[in-house]
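Text of query-v8.cif, listed as mmCIF, C-alpha atoms:
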data_target
#
loop_
_atom_site.label_atom_id
_atom_site.label_comp_id
_atom_site.auth_asym_id
_atom_site.auth_seq_id
_atom_site.Cartn_x
_atom_site.Cartn_y
_atom_site.Cartn_z
CA MET A 94 82.80 100.78 111.70
CA LYS A 95 82.77 104.53 112.18
CA HIS A 96 81.43 106.42 109.22
CA GLY A 97 82.44 109.89 108.24
CA SER A 98 85.18 112.23 109.31
CA SER A 99 85.05 115.18 111.69
CA SER A 100 87.95 117.06 110.13
CA PRO A 101 86.74 120.21 108.32
CA ILE A 102 89.59 119.95 105.80
CA ILE A 103 88.46 116.52 104.61
CA LEU A 104 84.81 117.56 104.52
CA LEU A 105 85.49 120.72 102.49
CA LEU A 106 88.01 119.12 100.13
CA SER A 107 85.83 116.13 99.29
CA ARG A 108 82.85 118.42 98.74
CA VAL A 109 84.87 120.62 96.37
CA LEU A 110 86.62 117.80 94.47
CA SER A 111 83.70 115.44 93.89
CA PRO A 112 81.76 117.54 91.30
CA TYR A 113 84.90 118.10 89.24
CA ILE A 114 85.69 114.36 89.19
CA MET A 115 82.09 113.72 88.12
CA LEU A 116 82.34 116.34 85.35
CA PHE A 117 85.57 114.78 84.13
CA GLY A 118 83.87 111.37 84.10
CA MET A 119 81.06 112.77 81.92
CA TYR A 120 83.70 114.30 79.62
CA VAL A 121 85.53 110.97 79.35
CA ILE A 122 82.29 109.18 78.40
CA PHE A 123 81.03 111.69 75.83
CA HIS A 124 84.43 112.53 74.33
CA GLY A 125 85.41 108.89 74.00
CA HIS A 126 85.05 108.99 70.21
CA TYR A 127 87.87 111.51 69.78
CA SER A 128 90.29 110.85 72.64
CA PRO A 129 91.16 108.01 75.02
CA GLY A 130 88.03 107.23 76.97
CA GLY A 131 84.72 105.46 76.89
CA GLY A 132 82.07 103.97 79.05
CA PHE A 133 84.25 101.80 81.28
CA GLN A 134 86.75 104.50 82.26
CA GLY A 135 84.11 107.20 82.60
CA GLY A 136 81.92 104.94 84.72
CA ALA A 137 84.86 104.20 87.02
CA LEU A 138 85.50 107.96 87.39
CA LEU A 139 81.84 108.67 88.21
CA ALA A 140 81.88 105.86 90.78
CA SER A 141 85.05 107.30 92.34
CA SER A 142 83.40 110.70 92.73
CA ILE A 143 80.44 109.12 94.53
CA ILE A 144 82.65 106.89 96.72
CA LEU A 145 84.73 109.94 97.72
CA ILE A 146 81.60 111.49 99.25
CA ARG A 147 80.74 108.15 100.86
CA ILE A 148 84.15 107.89 102.54
CA ALA A 149 84.20 111.46 103.81
CA MET A 150 80.65 112.19 104.92
CA GLU A 151 78.36 110.50 107.41
CA GLU A 152 75.59 108.22 106.28
CA LYS A 153 72.75 110.74 106.50
CA VAL A 154 74.48 113.04 104.01
CA HIS A 155 75.71 110.54 101.46
CA GLN A 156 72.37 108.79 101.27
CA LEU A 157 70.95 112.12 100.03
CA HIS A 158 73.74 112.23 97.46
CA PHE A 159 73.16 108.77 95.97
CA ASN A 160 70.73 106.44 97.66
CA LYS A 161 71.81 102.90 98.45
CA ALA A 162 68.57 101.47 97.06
CA TYR A 163 69.23 102.81 93.55
CA GLY A 164 72.47 100.88 92.97
CA ILE A 165 71.32 97.56 91.51
CA PRO A 166 68.18 98.88 89.66
CA LEU A 167 70.15 101.61 87.84
CA GLY A 168 72.74 98.97 86.87
CA ALA A 169 69.93 96.92 85.38
CA VAL A 170 68.80 100.03 83.47
CA GLY A 171 72.33 100.40 82.07
CA VAL A 172 72.41 96.78 80.88
CA LEU A 173 68.92 97.21 79.41
CA ILE A 174 70.01 100.33 77.45
CA PHE A 175 72.79 98.26 75.85
CA PHE A 176 70.49 95.31 75.20
CA GLY A 177 67.70 97.58 73.95
CA VAL A 178 69.91 99.24 71.33
CA GLY A 179 70.79 95.80 70.02
CA PHE A 180 67.19 94.65 70.15
CA ILE A 181 65.87 97.71 68.25
CA SER A 182 68.20 96.96 65.36
CA LEU A 183 67.03 93.34 65.52
CA ILE A 184 63.39 94.47 65.27
CA MET A 185 64.18 96.82 62.38
CA GLY A 186 65.26 93.85 60.31
CA GLY A 187 69.02 93.65 60.83
CA TYR A 188 71.32 91.61 62.98
CA PHE A 189 71.61 91.98 66.76
CA LEU A 190 73.69 95.12 67.57
CA ASP A 191 73.86 96.16 63.91
CA TYR A 192 73.62 99.92 64.41
CA SER A 193 73.14 100.76 60.74
CA LEU A 194 69.41 100.08 61.04
CA LEU A 195 68.64 102.27 64.06
CA PRO A 196 65.52 104.40 63.44
CA PHE A 197 67.16 107.85 63.35
CA PRO A 198 65.95 109.73 60.22
CA GLY A 199 68.22 111.46 57.77
CA MET A 200 71.59 109.91 58.56
CA ILE A 201 74.03 107.85 56.58
CA THR A 202 75.27 104.49 57.86
CA ALA A 203 78.52 105.74 59.38
CA GLU A 204 76.73 108.44 61.43
CA LEU A 205 74.16 105.89 62.63
CA ARG A 206 77.01 103.67 63.85
CA PHE A 207 78.57 106.72 65.56
CA TYR A 208 75.40 107.40 67.56
CA GLY A 209 74.84 103.70 68.25
CA ILE A 210 78.30 103.49 69.83
CA LEU A 211 77.52 106.63 71.86
CA LEU A 212 74.26 105.09 73.17
CA ILE A 213 75.91 101.87 74.31
CA GLU A 214 78.77 103.81 75.93
CA VAL A 215 76.20 105.68 78.04
CA GLY A 216 74.65 102.35 79.04
CA VAL A 217 78.04 100.88 79.95
CA GLY A 218 78.98 103.99 81.97
CA LEU A 219 75.72 103.92 83.93
CA ALA A 220 76.05 100.20 84.69
CA VAL A 221 79.72 100.39 85.75
CA MET A 222 79.12 103.43 87.99
CA THR A 223 76.14 102.01 89.84
CA ILE A 224 77.53 98.49 90.19
CA LEU A 225 80.84 99.71 91.64
CA VAL A 226 78.96 101.90 94.14
CA ALA A 227 76.65 98.98 95.00
CA ILE A 228 79.65 96.66 95.62
CA TYR A 229 81.19 99.31 97.91
CA ASP A 230 77.90 99.73 99.81
CA ASN A 231 77.41 96.01 100.30
CA LEU A 232 81.01 95.44 101.41
CA LEU A 233 80.86 98.17 104.04
CA GLU A 234 77.50 97.25 105.47
CA GLU A 235 78.06 97.43 109.19
CA ASP A 236 77.16 94.69 111.61
CA ASP A 237 75.19 95.97 114.55
CA ASP A 238 74.84 92.42 115.85
CA GLU A 239 77.62 89.86 116.06
CA SER A 240 75.63 86.77 115.21
CA ILE A 241 75.92 85.46 111.62
CA MET B 178 120.57 85.98 67.17
CA ASN B 179 123.05 86.50 69.96
CA LEU B 180 122.15 86.42 73.61
CA PHE B 181 122.44 90.14 74.31
CA ASP B 182 120.01 91.04 71.54
CA PHE B 183 117.60 88.43 72.85
CA ILE B 184 117.74 89.82 76.39
CA ALA B 185 117.56 93.48 75.38
CA GLY B 186 114.86 92.91 72.78
CA HIS B 187 112.53 91.17 75.20
CA TYR B 188 113.14 93.33 78.24
CA ASP B 189 109.46 93.95 79.00
CA TYR B 190 108.83 90.20 79.21
CA TRP B 191 111.37 89.81 82.02
CA PHE B 192 109.46 92.25 84.23
CA ILE B 193 106.21 90.46 83.35
CA ILE B 194 107.77 87.10 84.30
CA ILE B 195 108.90 88.58 87.64
CA LEU B 196 105.36 89.83 88.29
CA LEU B 197 103.87 86.44 87.36
CA ALA B 198 106.27 84.65 89.73
CA ILE B 199 105.42 87.08 92.55
CA GLY B 200 101.71 86.53 91.98
CA LEU B 201 102.11 82.76 91.97
CA TYR B 202 104.21 82.97 95.15
CA GLY B 203 101.46 84.99 96.84
CA MET B 204 98.78 82.54 95.78
CA THR B 205 100.61 79.36 96.78
CA VAL B 206 102.94 80.07 99.72
CA LYS B 207 101.05 82.67 101.75
CA LYS B 208 98.53 81.29 104.24
CA ASN B 209 96.30 84.34 104.69
CA LEU B 210 93.40 84.48 102.25
CA VAL B 211 93.64 88.25 101.78
CA LYS B 212 97.29 87.87 100.82
CA LYS B 213 96.29 85.17 98.34
CA LEU B 214 93.81 87.64 96.83
CA ILE B 215 96.56 90.28 96.54
CA GLY B 216 98.70 87.69 94.74
CA MET B 217 95.85 86.99 92.34
CA THR B 218 95.56 90.72 91.57
CA ILE B 219 99.30 90.95 90.84
CA PHE B 220 99.02 87.94 88.52
CA GLN B 221 96.12 89.60 86.73
CA ALA B 222 98.06 92.85 86.33
CA ALA B 223 100.95 90.90 84.80
CA VAL B 224 98.66 89.26 82.25
CA ILE B 225 97.18 92.65 81.33
CA LEU B 226 100.70 94.09 80.89
CA PHE B 227 101.62 91.16 78.65
CA TYR B 228 98.70 91.82 76.35
CA ILE B 229 99.42 95.56 76.22
CA SER B 230 103.10 94.97 75.44
CA SER B 231 102.13 92.73 72.53
CA ALA B 232 100.35 95.69 70.90
CA ILE B 233 103.48 97.82 70.56
CA LYS B 234 104.86 98.61 67.10
CA ALA B 235 108.07 100.57 66.61
CA ASP B 236 107.60 104.04 65.04
CA ALA B 237 103.82 103.88 65.43
CA THR B 238 101.46 106.11 67.36
CA VAL B 239 98.35 105.62 69.50
CA PRO B 240 95.28 104.22 67.72
CA ILE B 241 93.50 107.56 67.31
CA ILE B 242 93.35 108.75 63.71
CA MET B 243 95.29 111.93 62.98
CA GLU B 244 95.09 114.13 59.91
CA ASN B 245 98.67 113.76 58.70
CA LEU B 246 98.98 109.98 59.13
CA SER B 247 97.36 107.73 56.56
CA VAL B 248 95.25 104.80 57.73
CA ASP B 249 96.02 102.84 54.56
CA ASN B 250 99.36 101.81 56.03
CA PRO B 251 98.73 99.83 59.26
CA ALA B 252 102.34 100.41 60.37
CA ASN B 253 101.39 103.98 61.32
CA TYR B 254 99.16 102.98 64.23
CA ILE B 255 99.67 100.43 67.01
CA ASN B 256 97.36 97.45 67.32
CA PRO B 257 93.96 98.52 68.78
CA LEU B 258 92.69 95.02 69.54
CA PRO B 259 94.64 94.24 72.79
CA HIS B 260 93.70 97.66 74.18
CA ALA B 261 90.00 96.99 73.60
CA LEU B 262 90.23 93.54 75.18
CA MET B 263 92.14 94.67 78.27
CA LEU B 264 89.89 97.69 78.81
CA THR B 265 87.02 95.38 79.65
CA ALA B 266 89.27 92.95 81.54
CA ILE B 267 90.35 95.64 84.03
CA VAL B 268 86.79 96.55 85.02
CA VAL B 269 85.73 92.90 85.20
CA GLY B 270 88.79 92.32 87.41
CA VAL B 271 87.57 95.00 89.82
CA ALA B 272 84.14 93.35 89.94
CA THR B 273 85.61 89.89 90.62
CA VAL B 274 87.79 91.32 93.41
CA GLY B 275 84.58 92.72 94.91
CA VAL B 276 82.95 89.27 94.84
CA ALA B 277 86.08 87.74 96.39
CA PHE B 278 86.01 90.25 99.23
CA ALA B 279 82.33 89.49 99.84
CA LEU B 280 83.18 85.80 100.18
CA LEU B 281 86.10 86.62 102.51
CA ILE B 282 83.82 88.74 104.72
CA LEU B 283 81.37 85.84 104.99
CA ILE B 284 84.20 83.40 105.82
CA TYR B 285 85.47 85.72 108.55
CA LYS B 286 81.99 86.14 110.02
CA ASN B 287 81.48 82.39 110.20
CA TYR B 288 84.93 81.19 111.37
CA LYS B 289 86.54 84.33 112.92
CA THR B 290 89.78 83.65 111.05
CA LEU B 291 91.24 83.97 107.58
CA ASP B 292 94.24 81.69 108.05
CA GLU B 293 94.22 78.70 105.73
CA ASN B 294 95.47 76.09 108.23
CA GLU B 295 93.12 77.21 111.00
CA LEU B 296 90.22 77.12 108.54
CA LEU B 297 91.11 73.55 107.56
CA GLU B 298 91.24 72.61 111.27
CA LEU B 299 87.86 74.25 111.93
CA MET B 300 86.20 72.58 108.97
CA LYS B 301 87.05 69.06 110.17
CA MET C 107 106.94 70.90 101.35
CA LYS C 108 107.80 74.60 101.31
CA TYR C 109 110.96 74.00 99.25
CA LEU C 110 108.88 72.04 96.76
CA THR C 111 106.58 75.04 96.31
CA PHE C 112 109.50 77.41 95.79
CA MET C 113 111.06 74.99 93.34
CA SER C 114 107.85 74.73 91.36
CA ILE C 115 107.64 78.53 91.17
CA GLY C 116 111.25 78.59 89.89
CA VAL C 117 110.42 75.94 87.29
CA PHE C 118 107.42 78.04 86.26
CA ALA C 119 109.64 81.12 85.76
CA LEU C 120 112.19 79.05 83.79
CA LEU C 121 109.40 77.73 81.54
CA LEU C 122 108.25 81.28 80.87
CA ILE C 123 111.81 82.38 80.03
CA TYR C 124 112.08 79.44 77.64
CA ALA C 125 108.74 80.44 76.11
CA ALA C 126 110.10 83.95 75.45
CA TYR C 127 112.27 82.41 72.69
CA GLY C 128 109.10 82.01 70.64
CA LEU C 129 107.82 85.52 71.25
CA PRO C 130 108.48 88.42 68.85
CA TYR C 131 110.88 91.21 69.78
CA ARG C 132 109.43 94.26 71.51
CA GLY C 133 107.91 96.62 68.95
CA ASP C 134 108.69 94.41 65.96
CA PRO C 135 106.54 95.70 63.04
CA ASN C 136 106.87 92.35 61.25
CA ALA C 137 105.47 90.27 64.10
CA LEU C 138 102.60 87.94 63.31
CA VAL C 139 99.94 90.03 65.07
CA ASN C 140 100.88 93.12 63.06
CA GLN C 141 100.85 91.65 59.58
CA GLU C 142 98.08 92.01 57.02
CA ILE C 143 97.87 88.34 56.09
CA SER C 144 98.18 85.62 58.70
CA LEU C 145 100.06 82.32 58.34
CA THR C 146 96.99 80.54 57.00
CA GLY C 147 96.28 83.16 54.35
CA THR C 148 93.34 84.88 56.02
CA PRO C 149 93.35 88.66 56.69
CA VAL C 150 94.43 89.73 60.20
CA ALA C 151 91.69 91.51 62.16
CA SER C 152 93.73 94.35 63.65
CA SER C 153 94.94 95.61 60.26
CA TYR C 154 91.34 95.60 59.06
CA TYR C 155 90.33 97.62 62.14
CA ILE C 156 93.04 100.22 61.52
CA GLU C 157 92.16 100.65 57.86
CA ASN C 158 88.36 100.68 58.08
CA ALA C 159 87.42 102.13 61.50
CA MET C 160 86.98 105.68 60.21
CA LYS C 161 85.01 104.60 57.12
CA ASP C 162 82.68 102.28 59.01
CA ALA C 163 81.77 104.30 62.08
CA ASN C 164 83.02 107.88 61.52
CA THR C 165 84.99 107.62 64.77
CA PRO C 166 88.67 108.59 65.04
CA ASN C 167 89.30 106.45 68.13
CA MET C 168 89.79 102.90 66.86
CA VAL C 169 89.59 101.37 70.33
CA THR C 170 86.08 102.75 70.77
CA THR C 171 85.05 101.37 67.39
CA VAL C 172 86.42 97.92 68.18
CA LEU C 173 84.82 97.97 71.63
CA GLY C 174 81.44 99.30 70.62
CA ASP C 175 80.90 98.14 67.07
CA TYR C 176 82.98 95.22 65.87
CA ARG C 177 83.06 93.49 69.24
CA ALA C 178 79.84 94.87 70.74
CA PHE C 179 78.58 91.41 71.64
CA ASP C 180 81.76 90.81 73.65
CA THR C 181 81.22 94.10 75.48
CA LEU C 182 77.61 93.12 76.23
CA GLY C 183 78.92 89.92 77.82
CA GLU C 184 81.42 91.83 79.94
CA GLU C 185 78.72 94.20 81.14
CA VAL C 186 76.50 91.27 82.11
CA VAL C 187 79.47 89.85 84.07
CA ILE C 188 79.82 93.14 85.99
CA PHE C 189 76.09 93.20 86.70
CA ALA C 190 76.23 89.59 87.90
CA ALA C 191 79.08 90.50 90.26
CA GLY C 192 76.98 93.31 91.73
CA ILE C 193 74.01 90.96 92.18
CA ILE C 194 76.26 88.36 93.87
CA CYS C 195 77.62 90.93 96.35
CA PHE C 196 74.05 92.07 97.07
CA LEU C 197 72.81 88.53 97.64
CA LEU C 198 75.76 87.49 99.81
CA LEU C 199 75.99 90.48 102.10
CA ASN C 200 72.58 92.09 102.31
CA ARG C 201 71.67 92.85 105.90
CA GLU C 202 67.90 93.22 105.53
CA ARG C 203 67.43 89.77 104.08
CA LYS C 204 69.43 88.19 106.92
CA ARG C 205 67.41 90.07 109.52
CA GLU C 206 64.14 88.89 108.02
CA ALA C 207 65.45 85.34 107.83
CA ARG C 208 66.32 85.42 111.54
CA LYS C 209 62.85 86.67 112.53
CA GLN C 210 61.16 83.61 111.14
#
Translate this file's structure into structure tokens.
Amino acid sequence: MKHGSSSPIILLLSRVLSPYIMLFGMYVIFHGHYSPGGGFQGGALLASSIILIRIAMEEKVHQLHFNKAYGIPLGAVGVLIFFGVGFISLIMGGYFLDYSLLPFPGMITAELRFYGILLIEVGVGLAVMTILVAIYDNLLEEDDDESI
Amino acid sequence: MNLFDFIAGHYDYWFIIILLAIGLYGMTVKKNLVKKLIGMTIFQAAVILFYISSAIKADATVPIIMENLSVDNPANYINPLPHALMLTAIVVGVATVGVAFALLILIYKNYKTLDENELLELMK
Amino acid sequence: MKYLTFMSIGVFALLLIYAAYGLPYRGDPNALVNQEISLTGTPVASSYYIENAMKDANTPNMVTTVLGDYRAFDTLGEEVVIFAAGIICFLLLNRERKREARKQ
């Protein structure tokens, strides 16, 4: 399969649009407490901004943008952020994923739950973004040889 | 309960039933595996729409708390539970479609076809 | 054989239309899912979420509270499912592993 486009319009437009989509994805993740949004939607937007570069550019460029080897390990980091937040509250003497016992000083229970939700949304966004990009990479892996 | 009220009061369910029948048609009648996968996606979209339509309350607003609407009366806000469930179901659906495409790519590499009848012939 | 399949799809649609007789009207505020007390006398979860989301987690968006706090374990499961899907795609389609397997 041929990678990348030679049209200057596509190259310029994808290069201009991708940072704004990524910024909007960050906004959707971190503003998810006050408006429609959250980790899943924001992660899908971040993945779309990366996949836009992958569709438009050739392989040498988009591997500088987001390397193929980082996909699965960063997804594991996202799952571990989620699991770690739950495990910290388990160590502090509460139930699993009971945010009211997170070790942030000087906050009441409702604020602790607010920041606990924010932490797990970041973990979910990271995992969804990297896993969607990893699925795209693996699906489009080209076959230089016809056997298998 | 006359018939016209029944039909007009459930009008979103009729579209969902049409989508479910189209999805089932794609999964059972079509012979190409990619078309079967498209049918499965339509079926999934219909199920998601059914859940979302069950959350609707008349004269209620989106489940984000506003200053001038009291939370003590649940009739002011629509049901947040189906939205939360379907939010995760959409992303998991994308991931399962990715796995299905990976399997289809492997099938095509091994057998050079995606037609159901030819695959059954080749597997004999 | 093909007519049988079409007929079974038609029967499926007719069953669903019959099942719509048991469903509440669109936007009915008195439907079972929207009440405060269920048929068996226990409190309904969604009314609890609407009334207590702001007090419990200081978050105006109830969907975020349900997703991240009340049903956080469910969300953890969904995320593990997504991660497993990524791992499965990697294991099925990875080119480097196949190349090494062919060398041996």
message: Which residues are close to Leu262 of chain B, i.e. within 10 Å by only C-alpha atoms, leaving aside same-chain residues fewer than 3 positions away? Reply as a ChimeraX atom specification.
response: /B:225,228-229,257-259,265-267 /C:169,172-173,177,180-181
- request: Specify as a VMD selection string all residues of chain C found within 12 Å of chain A, counting only C-alpha atoms.
  value: chain C and resid 158 to 202 204 to 205 207 to 208
Residues just named, written with C-alpha atoms as a JSON list (two decimals), in the frame of the given file:
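Saved file selection-v2.json follows:
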[["chain", "number", "residue", "atom", "x", "y", "z"],
["C", 158, "ASN", "CA", 88.36, 100.68, 58.08],
["C", 159, "ALA", "CA", 87.42, 102.13, 61.50],
["C", 160, "MET", "CA", 86.98, 105.68, 60.21],
["C", 161, "LYS", "CA", 85.01, 104.60, 57.12],
["C", 162, "ASP", "CA", 82.68, 102.28, 59.01],
["C", 163, "ALA", "CA", 81.77, 104.30, 62.08],
["C", 164, "ASN", "CA", 83.02, 107.88, 61.52],
["C", 165, "THR", "CA", 84.99, 107.62, 64.77],
["C", 166, "PRO", "CA", 88.67, 108.59, 65.04],
["C", 167, "ASN", "CA", 89.30, 106.45, 68.13],
["C", 168, "MET", "CA", 89.79, 102.90, 66.86],
["C", 169, "VAL", "CA", 89.59, 101.37, 70.33],
["C", 170, "THR", "CA", 86.08, 102.75, 70.77],
["C", 171, "THR", "CA", 85.05, 101.37, 67.39],
["C", 172, "VAL", "CA", 86.42, 97.92, 68.18],
["C", 173, "LEU", "CA", 84.82, 97.97, 71.63],
["C", 174, "GLY", "CA", 81.44, 99.30, 70.62],
["C", 175, "ASP", "CA", 80.90, 98.14, 67.07],
["C", 176, "TYR", "CA", 82.98, 95.22, 65.87],
["C", 177, "ARG", "CA", 83.06, 93.49, 69.24],
["C", 178, "ALA", "CA", 79.84, 94.87, 70.74],
["C", 179, "PHE", "CA", 78.58, 91.41, 71.64],
["C", 180, "ASP", "CA", 81.76, 90.81, 73.65],
["C", 181, "THR", "CA", 81.22, 94.10, 75.48],
["C", 182, "LEU", "CA", 77.61, 93.12, 76.23],
["C", 183, "GLY", "CA", 78.92, 89.92, 77.82],
["C", 184, "GLU", "CA", 81.42, 91.83, 79.94],
["C", 185, "GLU", "CA", 78.72, 94.20, 81.14],
["C", 186, "VAL", "CA", 76.50, 91.27, 82.11],
["C", 187, "VAL", "CA", 79.47, 89.85, 84.07],
["C", 188, "ILE", "CA", 79.82, 93.14, 85.99],
["C", 189, "PHE", "CA", 76.09, 93.20, 86.70],
["C", 190, "ALA", "CA", 76.23, 89.59, 87.90],
["C", 191, "ALA", "CA", 79.08, 90.50, 90.26],
["C", 192, "GLY", "CA", 76.98, 93.31, 91.73],
["C", 193, "ILE", "CA", 74.01, 90.96, 92.18],
["C", 194, "ILE", "CA", 76.26, 88.36, 93.87],
["C", 195, "CYS", "CA", 77.62, 90.93, 96.35],
["C", 196, "PHE", "CA", 74.05, 92.07, 97.07],
["C", 197, "LEU", "CA", 72.81, 88.53, 97.64],
["C", 198, "LEU", "CA", 75.76, 87.49, 99.81],
["C", 199, "LEU", "CA", 75.99, 90.48, 102.10],
["C", 200, "ASN", "CA", 72.58, 92.09, 102.31],
["C", 201, "ARG", "CA", 71.67, 92.85, 105.90],
["C", 202, "GLU", "CA", 67.90, 93.22, 105.53],
["C", 204, "LYS", "CA", 69.43, 88.19, 106.92],
["C", 205, "ARG", "CA", 67.41, 90.07, 109.52],
["C", 207, "ALA", "CA", 65.45, 85.34, 107.83],
["C", 208, "ARG", "CA", 66.32, 85.42, 111.54]]
field: Long-range neighbours of Asn136 of chain C as a list in words, 10 Å cut-off, all atoms listed in the file, 6 positions minimum in chain
entry: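 My reading of the contact set: Lys234, Ala235 and Ala252 of chain B; Pro130 and Glu142 of chain C.
Across the model, the gap from atom CA of Tyr288 of chain B to atom CA of Leu201 of chain B is 26.0 Å.
Within the file as shown, the PyMOL selection byres ((chain A and resi 104) around 12) identifies A:Gly97, A:Ser98, A:Ser99, A:Ser100, A:Pro101, A:Ile102, A:Ile103, A:Leu105, A:Leu106, A:Ser107, A:Arg108, A:Val109, A:Leu110, A:Ser111, A:Leu145, A:Ile146, A:Arg147, A:Ile148, A:Ala149, A:Met150, A:Glu151, A:Val154, A:His155.
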statement: atom CA of Ser247 of chain B sits from atom CA of Ile156 of chain C at a separation of 10.0 Å
message: as a list of chain:residue names, could you give me every residue of chain B near chain A (at most 7 Å apart, counting all atoms listed in the file)?
response: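 Going by the stated atoms only, the list reads B:Val268, B:Gly275, B:Ala279, B:Lys286, B:Asn287.
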The PyMOL selection byres ((chain B and resi 204-217) around 8) on the file shown: which residues, as a compact mmCIF listing (two decimals) with C-alpha atoms, keeping the file's coordinate frame?
# COMPACT_ATOMS: atom_id res chain seq x y z
CA ILE B 199 105.42 87.08 92.55
CA GLY B 200 101.71 86.53 91.98
CA LEU B 201 102.11 82.76 91.97
CA TYR B 202 104.21 82.97 95.15
CA GLY B 203 101.46 84.99 96.84
CA THR B 218 95.56 90.72 91.57
CA ILE B 219 99.30 90.95 90.84
CA PHE B 220 99.02 87.94 88.52
CA GLN B 221 96.12 89.60 86.73
CA VAL B 274 87.79 91.32 93.41
CA ALA B 277 86.08 87.74 96.39
CA LEU B 281 86.10 86.62 102.51
CA LEU B 291 91.24 83.97 107.58
CA ASP B 292 94.24 81.69 108.05
CA GLU B 293 94.22 78.70 105.73
CA ASN B 294 95.47 76.09 108.23
CA LYS C 108 107.80 74.60 101.31
CA THR C 111 106.58 75.04 96.31
- request: Excluding Ile193 of chain B and residues on its chain fewer than 3 positions from it, collect all residues at most 6 Å away from it, counting only C-alpha atoms, and give them as a list in words.
  value: Tyr190, Leu196 and Ala223 of chain B
Write the residues of the preceding selection, restricted to C-alpha atoms, as a PDB file, in the frame of the given file.
ATOM      1  CA  TYR B 190     108.830  90.200  79.210  1.00  0.00           C
ATOM      2  CA  LEU B 196     105.360  89.830  88.290  1.00  0.00           C
ATOM      3  CA  ALA B 223     100.950  90.900  84.800  1.00  0.00           C
TER       4      ALA B 223
END
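Interatomic distance, atom CA of Tyr127 of chain C to atom CA of Trp191 of chain B: 11.9 Å.
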Which residues, named as in the file, does the PyMOL selection byres ((chain C and resi 135) around 9) pick out? Answer as a PDB file with C-alpha atoms, in the coordinates of the input.
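After the write, part_18.pdb holds the following:
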ATOM      1  CA  ILE B 233     103.480  97.820  70.560  1.00  0.00           C
ATOM      2  CA  LYS B 234     104.860  98.610  67.100  1.00  0.00           C
ATOM      3  CA  ALA B 235     108.070 100.570  66.610  1.00  0.00           C
ATOM      4  CA  ASP B 236     107.600 104.040  65.040  1.00  0.00           C
ATOM      5  CA  ALA B 237     103.820 103.880  65.430  1.00  0.00           C
ATOM      6  CA  ALA B 252     102.340 100.410  60.370  1.00  0.00           C
TER       7      ALA B 252
ATOM      8  CA  GLY C 133     107.910  96.620  68.950  1.00  0.00           C
ATOM      9  CA  ASP C 134     108.690  94.410  65.960  1.00  0.00           C
ATOM     10  CA  ASN C 136     106.870  92.350  61.250  1.00  0.00           C
ATOM     11  CA  ALA C 137     105.470  90.270  64.100  1.00  0.00           C
ATOM     12  CA  LEU C 138     102.600  87.940  63.310  1.00  0.00           C
ATOM     13  CA  VAL C 139      99.940  90.030  65.070  1.00  0.00           C
ATOM     14  CA  ASN C 140     100.880  93.120  63.060  1.00  0.00           C
ATOM     15  CA  GLN C 141     100.850  91.650  59.580  1.00  0.00           C
TER      16      GLN C 141
END
query: Which one is closest to chain B: C:Tyr124, C:Tyr109, C:Tyr154, C:Tyr131? Count all atoms listed in the file.
result: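 For chain B, the nearest of the candidates is C:Tyr131.
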task: Compare B:Ala185, B:Asn179, B:Val239, B:Ala222 by their minimum atom-to-atom distance to Gly270 of chain B, counting all atoms listed in the file, and give me the closest one.
output: B:Ala222
message: Which residue is closest to chain C? Choose from B:Leu226, B:Ile282, B:Ile241, B:Ala232 and count all atoms listed in the file.
response: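 Smallest distance to chain C is found for B:Ile241.
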field: Among the residues B:Phe227, B:Tyr285, B:Phe192, B:Phe183, the one that comes closest to chain C [using all atoms listed in the file]
entry: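 Distance minimum relative to chain C lands on B:Phe183.
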